[in-house]
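Shown below: target03.cif, with mmCIF, C-alpha atoms.
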```cif
data_target
#
loop_
_atom_site.label_atom_id
_atom_site.label_comp_id
_atom_site.auth_asym_id
_atom_site.auth_seq_id
_atom_site.Cartn_x
_atom_site.Cartn_y
_atom_site.Cartn_z
CA MET A 29 8.27 -26.91 21.56
CA GLU A 30 11.48 -25.04 20.82
CA PRO A 31 11.87 -24.33 17.07
CA THR A 32 14.83 -25.91 15.33
CA VAL A 33 17.73 -23.92 13.93
CA GLU A 34 16.35 -24.40 10.41
CA GLN A 35 12.93 -23.14 11.50
CA LYS A 36 14.46 -20.06 13.12
CA HIS A 37 16.47 -19.48 9.95
CA SER A 38 13.33 -19.61 7.78
CA ARG A 39 11.23 -17.51 10.15
CA LEU A 40 13.90 -14.81 10.34
CA PHE A 41 14.13 -14.59 6.56
CA MET A 42 10.32 -14.43 6.28
CA VAL A 43 10.05 -11.60 8.84
CA LEU A 44 12.86 -9.56 7.27
CA ALA A 45 11.42 -10.13 3.79
CA GLY A 46 8.00 -9.00 4.99
CA ILE A 47 9.46 -5.79 6.43
CA VAL A 48 11.28 -4.97 3.18
CA ILE A 49 8.31 -5.71 0.91
CA THR A 50 5.78 -3.87 3.09
CA ASN A 51 7.87 -0.73 3.51
CA ALA A 52 9.03 -0.62 -0.12
CA LEU A 53 5.44 -0.93 -1.34
CA LEU A 54 4.19 1.69 1.12
CA ALA A 55 7.02 4.05 0.15
CA GLU A 56 5.95 3.82 -3.49
CA MET A 57 2.31 4.47 -2.61
CA ILE A 58 2.87 7.48 -0.32
CA GLY A 59 5.72 8.83 -2.43
CA VAL A 60 3.32 10.95 -4.51
CA LYS A 61 3.08 13.43 -1.63
CA ILE A 62 5.82 16.06 -1.39
CA PHE A 63 6.44 17.42 2.09
CA SER A 64 8.67 20.08 3.60
CA ALA A 65 11.31 18.56 5.89
CA GLU A 66 12.03 22.00 7.36
CA ALA A 67 8.39 22.67 8.23
CA THR A 68 8.13 19.19 9.75
CA VAL A 69 10.78 20.07 12.36
CA GLY A 70 9.59 23.68 12.72
CA SER A 71 12.46 25.42 10.94
CA GLN A 72 12.68 27.85 8.04
CA PRO A 73 13.30 26.66 4.46
CA ALA A 74 16.98 25.92 3.84
CA HIS A 75 17.27 27.95 0.61
CA LEU A 76 20.47 26.15 -0.36
CA ASN A 77 22.22 27.47 -3.44
CA ILE A 78 23.13 24.35 -5.42
CA LEU A 79 24.45 24.76 -8.96
CA GLY A 80 22.61 28.07 -9.28
CA PHE A 81 19.26 26.72 -8.04
CA THR A 82 17.66 27.65 -4.72
CA MET A 83 16.84 24.31 -3.12
CA ASP A 84 14.80 23.46 -0.04
CA PHE A 85 14.33 20.04 1.50
CA ASN A 86 11.05 19.29 -0.27
CA LEU A 87 10.97 15.51 -0.36
CA THR A 88 8.64 12.68 -1.26
CA ALA A 89 6.85 11.13 1.71
CA GLY A 90 8.42 7.82 0.72
CA VAL A 91 11.79 8.88 2.12
CA VAL A 92 10.29 8.69 5.61
CA ILE A 93 10.23 4.88 5.49
CA TRP A 94 12.85 4.03 2.83
CA PRO A 95 15.55 3.94 5.55
CA VAL A 96 13.68 0.96 7.05
CA VAL A 97 14.16 -0.87 3.73
CA PHE A 98 17.90 -0.24 3.68
CA ILE A 99 18.40 -1.09 7.35
CA THR A 100 16.53 -4.37 6.86
CA THR A 101 18.46 -5.03 3.65
CA ASP A 102 21.70 -4.68 5.60
CA LEU A 103 20.48 -7.23 8.13
CA ILE A 104 19.54 -9.64 5.32
CA ASN A 105 22.95 -8.95 3.81
CA GLU A 106 24.66 -9.77 7.08
CA TYR A 107 22.95 -13.13 7.65
CA PHE A 108 21.82 -14.29 4.20
CA GLY A 109 24.32 -12.59 1.89
CA LYS A 110 23.85 -11.54 -1.70
CA PRO A 111 21.57 -14.49 -2.61
CA GLY A 112 19.10 -13.45 0.09
CA VAL A 113 19.14 -9.77 -0.88
CA LYS A 114 18.68 -10.58 -4.57
CA ARG A 115 15.69 -12.85 -3.91
CA ILE A 116 13.98 -10.21 -1.80
CA SER A 117 14.83 -7.36 -4.16
CA TYR A 118 13.50 -9.07 -7.29
CA LEU A 119 10.37 -10.26 -5.49
CA THR A 120 9.76 -6.77 -4.12
CA ALA A 121 10.15 -5.19 -7.56
CA ILE A 122 7.71 -7.71 -9.07
CA LEU A 123 5.14 -7.06 -6.32
CA ILE A 124 5.49 -3.27 -6.69
CA ALA A 125 4.94 -3.60 -10.44
CA TYR A 126 1.91 -5.80 -9.77
CA ALA A 127 0.54 -3.22 -7.32
CA PHE A 128 0.82 -0.44 -9.90
CA VAL A 129 -0.94 -2.56 -12.53
CA MET A 130 -3.81 -3.20 -10.11
CA LEU A 131 -3.97 0.51 -9.25
CA LEU A 132 -4.15 1.33 -12.96
CA VAL A 133 -7.04 -1.10 -13.29
CA ALA A 134 -8.79 0.47 -10.29
CA ILE A 135 -8.32 3.98 -11.71
CA HIS A 136 -10.09 3.01 -14.94
CA LEU A 137 -13.03 1.28 -13.25
CA PRO A 138 -16.17 3.43 -13.72
CA PRO A 139 -17.08 5.05 -10.38
CA ALA A 140 -20.46 4.48 -8.75
CA ASP A 141 -22.68 7.58 -8.95
CA TRP A 142 -23.54 7.52 -5.23
CA TRP A 143 -19.82 7.40 -4.35
CA ILE A 144 -19.17 10.52 -6.44
CA GLU A 145 -22.18 12.30 -4.92
CA ALA A 146 -21.29 11.30 -1.35
CA ASN A 147 -17.82 12.79 -1.73
CA ASN A 148 -18.50 15.82 -3.93
CA LYS A 149 -17.60 18.50 -1.39
CA GLY A 150 -14.24 19.46 0.05
CA PRO A 151 -13.69 20.56 3.68
CA GLU A 152 -14.51 24.18 2.75
CA GLY A 153 -17.61 23.27 0.77
CA ASN A 154 -15.99 23.57 -2.65
CA ASN A 155 -16.77 21.10 -5.44
CA PHE A 156 -14.64 17.99 -5.25
CA ASN A 157 -14.23 15.08 -7.69
CA ILE A 158 -13.06 12.12 -5.64
CA ASP A 159 -12.58 9.89 -8.69
CA PHE A 160 -10.25 12.47 -10.24
CA ALA A 161 -8.38 12.76 -6.92
CA PHE A 162 -8.04 8.96 -6.71
CA GLY A 163 -6.49 8.91 -10.18
CA LYS A 164 -4.12 11.80 -9.41
CA ILE A 165 -2.90 10.19 -6.19
CA PHE A 166 -2.40 6.65 -7.41
CA GLY A 167 -1.86 7.22 -11.12
CA GLN A 168 1.87 7.87 -11.20
CA GLY A 169 3.38 8.23 -14.65
CA GLN A 170 4.75 5.06 -16.25
CA ARG A 171 8.17 6.66 -16.61
CA ILE A 172 8.35 7.45 -12.90
CA ILE A 173 7.24 3.92 -12.00
CA PHE A 174 9.87 2.41 -14.29
CA ALA A 175 12.52 4.77 -12.88
CA SER A 176 11.72 3.87 -9.28
CA LEU A 177 11.85 0.13 -9.99
CA VAL A 178 15.18 0.36 -11.85
CA ALA A 179 16.65 2.58 -9.12
CA PHE A 180 15.47 0.16 -6.43
CA ILE A 181 17.09 -2.88 -8.08
CA VAL A 182 20.33 -1.06 -8.90
CA GLY A 183 20.49 0.46 -5.43
CA GLN A 184 19.99 -2.93 -3.77
CA LEU A 185 22.70 -4.57 -5.90
CA VAL A 186 25.11 -1.73 -5.12
CA ASP A 187 24.25 -1.97 -1.43
CA VAL A 188 24.97 -5.70 -1.20
CA PHE A 189 28.17 -5.37 -3.25
CA VAL A 190 29.62 -2.54 -1.12
CA PHE A 191 28.45 -4.19 2.12
CA GLN A 192 30.23 -7.46 1.35
CA ARG A 193 33.38 -5.76 0.03
CA LEU A 194 33.65 -3.83 3.30
CA ARG A 195 32.99 -7.01 5.26
CA ASN A 196 35.80 -8.78 3.43
CA MET A 197 38.10 -5.92 4.43
CA THR A 198 37.07 -5.71 8.09
CA GLY A 199 35.83 -9.21 8.90
CA SER A 200 33.06 -9.35 11.48
CA ARG A 201 34.28 -6.09 13.06
CA MET A 202 33.01 -2.57 12.31
CA LEU A 203 29.38 -3.38 11.53
CA TRP A 204 28.67 0.36 11.44
CA LEU A 205 31.12 0.83 8.56
CA ARG A 206 29.70 -1.79 6.23
CA ALA A 207 26.07 -0.99 7.11
CA THR A 208 26.24 2.80 6.94
CA GLY A 209 28.90 2.86 4.21
CA SER A 210 26.92 0.61 1.88
CA THR A 211 23.75 2.63 2.48
CA LEU A 212 25.51 5.93 1.75
CA VAL A 213 26.87 4.61 -1.55
CA SER A 214 23.67 2.85 -2.65
CA GLN A 215 21.48 5.83 -1.74
CA PHE A 216 23.73 8.09 -3.82
CA VAL A 217 23.27 5.81 -6.82
CA ASP A 218 19.54 5.40 -6.16
CA SER A 219 18.96 9.16 -5.89
CA PHE A 220 20.44 9.98 -9.28
CA VAL A 221 19.31 6.89 -11.21
CA VAL A 222 15.63 7.54 -10.46
CA LEU A 223 15.90 11.25 -11.28
CA TYR A 224 17.74 10.80 -14.58
CA ILE A 225 15.39 8.10 -15.82
CA ALA A 226 12.25 9.93 -14.69
CA PHE A 227 13.14 13.52 -15.62
CA SER A 228 15.87 13.47 -18.28
CA GLY A 229 14.67 15.71 -21.10
CA ILE A 230 12.13 17.36 -18.78
CA PHE A 231 14.57 19.06 -16.39
CA SER A 232 18.07 20.22 -17.29
CA ASN A 233 21.03 18.13 -16.14
CA LYS A 234 22.02 20.85 -13.68
CA GLN A 235 18.54 20.92 -12.18
CA ILE A 236 18.48 17.14 -11.85
CA LEU A 237 21.87 17.28 -10.13
CA ALA A 238 20.63 20.00 -7.77
CA ILE A 239 17.53 17.99 -6.84
CA GLY A 240 19.62 14.82 -6.44
CA ILE A 241 22.15 16.52 -4.19
CA THR A 242 19.38 17.91 -1.97
CA ASN A 243 17.73 14.50 -1.70
CA TYR A 244 21.03 12.77 -1.01
CA LEU A 245 22.00 15.21 1.76
CA TYR A 246 18.79 14.28 3.57
CA LYS A 247 19.24 10.54 2.99
CA ALA A 248 22.88 10.62 4.10
CA CYS A 249 22.00 12.38 7.36
CA VAL A 250 19.20 9.89 8.07
CA ALA A 251 21.47 6.91 7.28
CA ILE A 252 24.08 8.12 9.77
CA LEU A 253 21.51 8.91 12.47
CA LEU A 254 19.90 5.47 12.16
CA THR A 255 23.17 3.52 12.45
CA PRO A 256 22.38 2.47 16.06
CA LEU A 257 19.29 0.63 14.80
CA ILE A 258 21.56 -1.75 12.89
CA TYR A 259 23.22 -2.75 16.16
CA ILE A 260 19.84 -3.14 17.88
CA GLY A 261 18.57 -5.37 15.05
CA HIS A 262 21.85 -7.30 14.97
CA GLY A 263 21.66 -7.93 18.72
CA MET A 264 18.04 -9.10 18.55
CA ILE A 265 18.84 -11.55 15.75
CA ASP A 266 21.92 -12.87 17.55
CA ARG A 267 19.83 -13.57 20.64
CA TYR A 268 17.09 -15.22 18.60
CA LEU A 269 19.40 -17.47 16.59
CA GLY A 270 22.06 -17.98 19.22
CA LYS A 271 25.43 -16.25 18.99
CA GLU A 272 27.32 -19.21 17.55
CA HIS A 273 24.79 -19.96 14.82
CA ALA A 274 24.40 -16.26 13.96
CA GLU A 275 28.16 -15.90 13.49
CA ARG A 276 28.24 -19.03 11.32
CA MET A 277 25.42 -17.66 9.16
CA SER A 278 27.26 -14.37 8.77
CA GLU A 279 30.45 -16.13 7.68
CA ASN A 280 28.55 -18.30 5.21
CA ALA A 281 26.76 -15.25 3.83
CA ALA A 282 30.06 -13.50 3.20
CA GLY A 283 31.41 -16.57 1.42
CA GLU A 284 28.41 -16.70 -0.92
CA SER A 285 28.57 -13.03 -1.89
CA LYS A 286 31.20 -12.69 -4.58
CA GLY A 287 30.96 -10.22 -7.46
CA PHE A 288 28.32 -7.62 -8.32
CA PHE A 289 25.58 -9.69 -9.97
#
```
Let me see the file written as C-alpha coordinates.
Amino acid sequence: MEPTVEQKHSRLFMVLAGIVITNALLAEMIGVKIFSAEATVGSQPAHLNILGFTMDFNLTAGVVIWPVVFITTDLINEYFGKPGVKRISYLTAILIAYAFVMLLVAIHLPPADWWIEANNKGPEGNNFNIDFAFGKIFGQGQRIIFASLVAFIVGQLVDVFVFQRLRNMTGSRMLWLRATGSTLVSQFVDSFVVLYIAFSGIFSNKQILAIGITNYLYKACVAILLTPLIYIGHGMIDRYLGKEHAERMSENAAGESKGFF
(Lines of atoms letter the chains of each structure in order from A and count residues from 1; the text may use other names and numbers.)
(Lines give C-alpha, C1' and ligand atoms only; values in the text may rest on other atoms or scores of the structure.)
Protein backbone atom coordinates (compact mmCIF):
# COMPACT_ATOMS: atom_id res chain seq x y z
CA MET A 1 0.00 0.00 0.00
CA GLU A 2 1.38 3.37 -1.05
CA PRO A 3 2.10 5.59 1.99
CA THR A 4 0.13 8.81 2.26
CA VAL A 5 1.70 12.24 1.93
CA GLU A 6 1.51 12.68 5.72
CA GLN A 7 3.25 9.34 6.26
CA LYS A 8 6.02 10.26 3.84
CA HIS A 9 6.37 13.61 5.61
CA SER A 10 6.76 11.90 9.01
CA ARG A 11 9.10 9.20 7.73
CA LEU A 12 11.36 11.75 6.05
CA PHE A 13 11.63 13.80 9.24
CA MET A 14 12.37 10.64 11.27
CA VAL A 15 15.14 9.53 8.89
CA LEU A 16 16.77 12.97 8.75
CA ALA A 17 16.51 13.32 12.53
CA GLY A 18 18.11 9.91 12.99
CA ILE A 19 21.03 10.87 10.75
CA VAL A 20 21.64 14.12 12.66
CA ILE A 21 21.41 12.54 16.12
CA THR A 22 23.56 9.52 15.23
CA ASN A 23 26.34 11.51 13.59
CA ALA A 24 26.35 14.28 16.21
CA LEU A 25 26.62 11.72 19.01
CA LEU A 26 29.34 9.76 17.20
CA ALA A 27 31.27 12.98 16.50
CA GLU A 28 31.29 13.78 20.21
CA MET A 29 32.46 10.27 21.10
CA ILE A 30 35.29 10.02 18.56
CA GLY A 31 36.25 13.67 18.93
CA VAL A 32 38.75 12.85 21.69
CA LYS A 33 41.17 11.56 19.06
CA ILE A 34 43.35 14.13 17.30
CA PHE A 35 44.53 13.17 13.83
CA SER A 36 46.78 14.70 11.21
CA ALA A 37 44.83 15.70 8.10
CA GLU A 38 48.09 16.04 6.15
CA ALA A 39 49.28 12.54 7.05
CA THR A 40 45.85 11.16 6.16
CA VAL A 41 46.25 12.32 2.54
CA GLY A 42 49.99 11.55 2.45
CA SER A 43 51.32 15.11 2.49
CA GLN A 44 53.76 16.99 4.71
CA PRO A 45 52.57 19.10 7.66
CA ALA A 46 51.30 22.51 6.53
CA HIS A 47 53.33 24.56 9.04
CA LEU A 48 51.09 27.58 8.54
CA ASN A 49 52.20 30.75 10.29
CA ILE A 50 49.02 32.11 11.88
CA LEU A 51 49.31 35.01 14.33
CA GLY A 52 52.86 33.98 15.17
CA PHE A 53 52.01 30.30 15.79
CA THR A 54 53.09 27.43 13.55
CA MET A 55 49.88 25.54 12.85
CA ASP A 56 49.28 22.19 11.19
CA PHE A 57 45.93 20.62 10.38
CA ASN A 58 45.73 18.53 13.55
CA LEU A 59 42.01 18.04 14.02
CA THR A 60 39.58 16.11 16.17
CA ALA A 61 38.26 12.94 14.55
CA GLY A 62 34.77 14.38 14.99
CA VAL A 63 35.27 16.76 12.07
CA VAL A 64 35.23 13.75 9.73
CA ILE A 65 31.48 13.30 10.22
CA TRP A 66 30.31 16.75 11.39
CA PRO A 67 29.75 17.77 7.74
CA VAL A 68 27.05 15.07 7.58
CA VAL A 69 25.25 16.85 10.43
CA PHE A 70 25.30 20.20 8.66
CA ILE A 71 24.30 18.77 5.28
CA THR A 72 21.36 16.98 6.89
CA THR A 73 20.48 20.12 8.86
CA ASP A 74 20.30 22.04 5.58
CA LEU A 75 17.90 19.45 4.18
CA ILE A 76 15.73 19.69 7.31
CA ASN A 77 15.93 23.47 6.96
CA GLU A 78 14.78 23.28 3.35
CA TYR A 79 11.72 21.11 3.98
CA PHE A 80 10.82 21.65 7.64
CA GLY A 81 12.17 25.13 8.33
CA LYS A 82 13.36 26.59 11.60
CA PRO A 83 10.81 24.68 13.74
CA GLY A 84 12.15 21.36 12.46
CA VAL A 85 15.80 22.32 12.94
CA LYS A 86 15.16 23.59 16.47
CA ARG A 87 13.35 20.40 17.51
CA ILE A 88 16.16 18.22 16.23
CA SER A 89 18.91 20.45 17.63
CA TYR A 90 17.49 20.59 21.16
CA LEU A 91 16.74 16.86 21.17
CA THR A 92 20.26 16.09 19.94
CA ALA A 93 21.83 18.28 22.63
CA ILE A 94 19.75 16.58 25.34
CA LEU A 95 20.72 13.11 24.08
CA ILE A 96 24.41 14.05 23.88
CA ALA A 97 24.26 15.34 27.47
CA TYR A 98 22.53 12.12 28.51
CA ALA A 99 25.23 10.06 26.77
CA PHE A 100 27.99 11.89 28.64
CA VAL A 101 26.22 11.36 31.98
CA MET A 102 25.97 7.63 31.27
CA LEU A 103 29.64 7.53 30.25
CA LEU A 104 30.56 9.26 33.51
CA VAL A 105 28.60 6.61 35.40
CA ALA A 106 30.35 3.84 33.45
CA ILE A 107 33.78 5.36 34.15
CA HIS A 108 33.16 5.26 37.90
CA LEU A 109 31.86 1.68 37.97
CA PRO A 110 34.47 -0.55 39.67
CA PRO A 111 36.13 -2.75 37.02
CA ALA A 112 36.04 -6.54 37.25
CA ASP A 113 39.45 -8.00 38.19
CA TRP A 114 39.43 -10.54 35.34
CA TRP A 115 38.74 -7.75 32.81
CA ILE A 116 41.76 -5.79 34.06
CA GLU A 117 43.94 -8.93 33.98
CA ALA A 118 42.74 -10.00 30.53
CA ASN A 119 43.70 -6.62 29.08
CA ASN A 120 46.84 -5.78 31.05
CA LYS A 121 49.30 -5.90 28.15
CA GLY A 122 49.71 -3.55 25.21
CA PRO A 123 50.63 -4.69 21.67
CA GLU A 124 54.35 -4.52 22.54
CA GLY A 125 53.97 -6.37 25.82
CA ASN A 126 54.09 -3.28 28.02
CA ASN A 127 51.84 -2.91 31.07
CA PHE A 128 48.44 -1.53 30.19
CA ASN A 129 45.55 -0.35 32.40
CA ILE A 130 42.40 -0.69 30.31
CA ASP A 131 40.20 0.93 32.97
CA PHE A 132 42.43 4.01 32.98
CA ALA A 133 42.36 4.07 29.16
CA PHE A 134 38.55 3.80 29.17
CA GLY A 135 38.34 6.81 31.49
CA LYS A 136 40.82 8.85 29.42
CA ILE A 137 38.98 8.16 26.17
CA PHE A 138 35.43 8.75 27.33
CA GLY A 139 36.00 11.08 30.28
CA GLN A 140 36.08 14.43 28.52
CA GLY A 141 36.28 17.45 30.80
CA GLN A 142 32.98 19.02 31.85
CA ARG A 143 34.05 22.36 30.40
CA ILE A 144 34.72 20.83 26.99
CA ILE A 145 31.38 19.00 27.05
CA PHE A 146 29.54 22.20 27.95
CA ALA A 147 31.44 24.11 25.25
CA SER A 148 30.59 21.58 22.55
CA LEU A 149 26.89 21.58 23.46
CA VAL A 150 26.66 25.39 23.49
CA ALA A 151 28.57 25.63 20.20
CA PHE A 152 26.30 23.01 18.63
CA ILE A 153 23.09 24.83 19.58
CA VAL A 154 24.41 28.27 18.60
CA GLY A 155 25.81 26.92 15.35
CA GLN A 156 22.50 25.27 14.44
CA LEU A 157 20.52 28.46 15.18
CA VAL A 158 22.94 30.52 13.09
CA ASP A 159 22.75 27.97 10.29
CA VAL A 160 18.96 28.03 10.09
CA PHE A 161 18.84 31.83 10.34
CA VAL A 162 21.37 32.41 7.53
CA PHE A 163 19.84 29.64 5.40
CA GLN A 164 16.36 31.15 5.54
CA ARG A 165 17.60 34.72 5.04
CA LEU A 166 19.39 33.62 1.87
CA ARG A 167 16.30 31.73 0.76
CA ASN A 168 14.16 34.83 1.19
CA MET A 169 16.63 36.69 -1.03
CA THR A 170 16.90 34.05 -3.77
CA GLY A 171 13.61 32.16 -3.57
CA SER A 172 13.84 28.50 -4.51
CA ARG A 173 16.84 29.19 -6.77
CA MET A 174 20.53 28.89 -5.84
CA LEU A 175 20.29 26.01 -3.37
CA TRP A 176 24.10 25.90 -3.30
CA LEU A 177 24.25 29.46 -1.97
CA ARG A 178 21.93 29.03 0.98
CA ALA A 179 23.25 25.55 1.86
CA THR A 180 26.98 26.24 1.58
CA GLY A 181 26.70 29.87 2.70
CA SER A 182 24.82 29.00 5.89
CA THR A 183 27.29 26.21 6.67
CA LEU A 184 30.29 28.49 6.18
CA VAL A 185 28.86 31.10 8.55
CA SER A 186 27.63 28.63 11.19
CA GLN A 187 30.89 26.66 11.15
CA PHE A 188 32.82 29.88 11.70
CA VAL A 189 30.71 30.65 14.75
CA ASP A 190 30.86 27.05 15.98
CA SER A 191 34.65 26.88 15.67
CA PHE A 192 35.31 29.88 17.86
CA VAL A 193 32.47 29.46 20.38
CA VAL A 194 33.66 25.98 21.39
CA LEU A 195 37.30 27.06 21.65
CA TYR A 196 36.65 30.19 23.71
CA ILE A 197 34.36 28.42 26.16
CA ALA A 198 36.62 25.38 26.48
CA PHE A 199 40.06 27.03 26.55
CA SER A 200 39.66 30.68 27.59
CA GLY A 201 42.11 31.26 30.42
CA ILE A 202 44.08 28.14 29.43
CA PHE A 203 45.33 29.32 26.03
CA SER A 204 45.97 32.93 25.06
CA ASN A 205 43.43 34.70 22.85
CA LYS A 206 45.92 34.70 19.97
CA GLN A 207 46.48 30.96 20.30
CA ILE A 208 42.74 30.29 20.39
CA LEU A 209 42.33 32.43 17.26
CA ALA A 210 45.15 30.54 15.52
CA ILE A 211 43.61 27.16 16.37
CA GLY A 212 40.16 28.40 15.32
CA ILE A 213 41.41 29.72 11.99
CA THR A 214 43.15 26.41 11.23
CA ASN A 215 40.02 24.43 12.08
CA TYR A 216 37.80 26.76 10.08
CA LEU A 217 39.99 26.57 6.97
CA TYR A 218 39.52 22.80 6.99
CA LYS A 219 35.77 23.01 7.63
CA ALA A 220 35.28 25.65 4.92
CA CYS A 221 37.07 23.53 2.32
CA VAL A 222 35.02 20.46 3.26
CA ALA A 223 31.75 22.44 3.15
CA ILE A 224 32.50 23.66 -0.37
CA LEU A 225 33.61 20.22 -1.61
CA LEU A 226 30.45 18.56 -0.25
CA THR A 227 28.02 21.01 -1.87
CA PRO A 228 27.03 18.46 -4.57
CA LEU A 229 25.70 16.16 -1.83
CA ILE A 230 23.05 18.76 -1.01
CA TYR A 231 21.74 18.51 -4.57
CA ILE A 232 21.82 14.70 -4.44
CA GLY A 233 19.87 14.69 -1.15
CA HIS A 234 17.48 17.34 -2.46
CA GLY A 235 16.80 15.29 -5.60
CA MET A 236 16.19 12.09 -3.62
CA ILE A 237 13.71 13.83 -1.32
CA ASP A 238 11.90 15.48 -4.24
CA ARG A 239 11.46 12.10 -5.89
CA TYR A 240 10.28 10.50 -2.66
CA LEU A 241 7.76 13.20 -1.78
CA GLY A 242 6.80 14.18 -5.29
CA LYS A 243 8.00 17.43 -6.85
CA GLU A 244 4.82 19.40 -6.21
CA HIS A 245 4.52 18.42 -2.54
CA ALA A 246 8.26 18.95 -1.95
CA GLU A 247 8.06 22.49 -3.35
CA ARG A 248 5.00 23.22 -1.20
CA MET A 249 6.83 21.97 1.90
CA SER A 250 9.81 24.16 1.07
CA GLU A 251 7.61 27.24 0.68
CA ASN A 252 5.81 26.52 3.95
CA ALA A 253 9.13 26.00 5.72
CA ALA A 254 10.38 29.38 4.55
CA GLY A 255 7.18 31.03 5.75
CA GLU A 256 7.55 29.54 9.24
CA SER A 257 11.18 30.60 9.67
CA LYS A 258 11.18 34.22 10.75
CA GLY A 259 13.73 35.69 13.16
CA PHE A 260 16.71 34.13 14.92
CA PHE A 261 15.12 32.29 17.85
For A:Ala248, which of A:Glu66, A:Asp266, A:Glu275, A:Asp218 is the closest residue, counting all atoms listed in the file?
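Under the stated criterion, the closest residue is A:Asp218.
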Residues within 12 Å of A:Ala140, all atoms listed in the file, excluding chain neighbours under 4 positions, as an MDAnalysis selection string
chainID A and resid 144:147 158:159
So what does the PyMOL selection byres ((chain A and resi 135) around 9) actually pick up in this one, as a list in words?
Met130, Leu131, Leu132, Val133, Ala134, His136, Leu137, Pro138, Pro139, Asp159, Phe160, Phe162, Gly163, Phe166 and Gly167 of chain A
Do you know which residues are at most 9 Å from A:Ser117 counting all atoms listed in the file, after dropping those on the same chain fewer than 2 positions away, and could you put them as a PyMOL selection string?
chain A and resi 48-49+101+112-115+119-122+180-181+184-185
Atoms kept (C-alpha atoms) for selection, written as a CSV table (one decimal), keeping the file's coordinate frame:
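Final file, result_20.csv:
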```
chain,number,residue,atom,x,y,z
A,48,VAL,CA,11.3,-5.0,3.2
A,49,ILE,CA,8.3,-5.7,0.9
A,101,THR,CA,18.5,-5.0,3.6
A,112,GLY,CA,19.1,-13.4,0.1
A,113,VAL,CA,19.1,-9.8,-0.9
A,114,LYS,CA,18.7,-10.6,-4.6
A,115,ARG,CA,15.7,-12.8,-3.9
A,119,LEU,CA,10.4,-10.3,-5.5
A,120,THR,CA,9.8,-6.8,-4.1
A,121,ALA,CA,10.2,-5.2,-7.6
A,122,ILE,CA,7.7,-7.7,-9.1
A,180,PHE,CA,15.5,0.2,-6.4
A,181,ILE,CA,17.1,-2.9,-8.1
A,184,GLN,CA,20.0,-2.9,-3.8
A,185,LEU,CA,22.7,-4.6,-5.9
```
In the coordinate frame of the file, compute which residues have an atom within 7 Å of (18.7, 10.2, -3.1) when using all atoms listed in the file, and state them as a ChimeraX atom specification.
/A:215-216,218-220,240,243-244,247
Contacts of stretch 102-202 of chain A with stretch 38-42 of chain A up to 12 Å, shortest pair per row, all atoms listed in the file, as a tab-separated table:
```
residue	atom	partner	partner_atom	distance
A:Leu103	CA	A:Phe41	CA	9.8
A:Ile104	CA	A:Phe41	CA	7.4
A:Asn105	CA	A:Phe41	CA	10.8
A:Glu106	CA	A:Phe41	CA	11.6
A:Tyr107	CA	A:Phe41	CA	9.0
A:Phe108	CA	A:Phe41	CA	8.0
A:Gly109	CA	A:Phe41	CA	11.4
A:Pro111	CA	A:Phe41	CA	11.8
A:Gly112	CA	A:Phe41	CA	8.2
A:Val113	CA	A:Phe41	CA	10.2
A:Arg115	CA	A:Phe41	CA	10.7
A:Ile116	CA	A:Phe41	CA	9.4
```
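For the set A:Val221, A:Val213, A:Met197, A:Ala281, the residue with the smallest atom-to-atom gap to A:Ile172 is A:Val221, counting only C-alpha atoms.
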Work out how far apart atom CA of A:Asn155 and atom CA of A:Trp142 are and give it in Å to one decimal.
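Calculated distance between atom CA of A:Asn155 and atom CA of A:Trp142 is 15.2 Å.
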Pick from A:Ser278, A:Leu269, A:Thr100, A:Phe63, whichever lies nearest to A:Glu34 using only C-alpha atoms:
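Smallest separation from A:Glu34 among the options: A:Leu269.
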Which of these, A:Trp143, A:Phe128, A:Tyr224, A:Tyr259, has the shortest distance to A:Ala238 once you count only C-alpha atoms?
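Among the listed residues, A:Tyr224 lies closest to A:Ala238.
Restricting the calculation to only C-alpha atoms, the smallest distance between A:Met83 and any of A:Tyr246, A:Ala226, A:Ile239, A:Met264 is found for A:Ile239.
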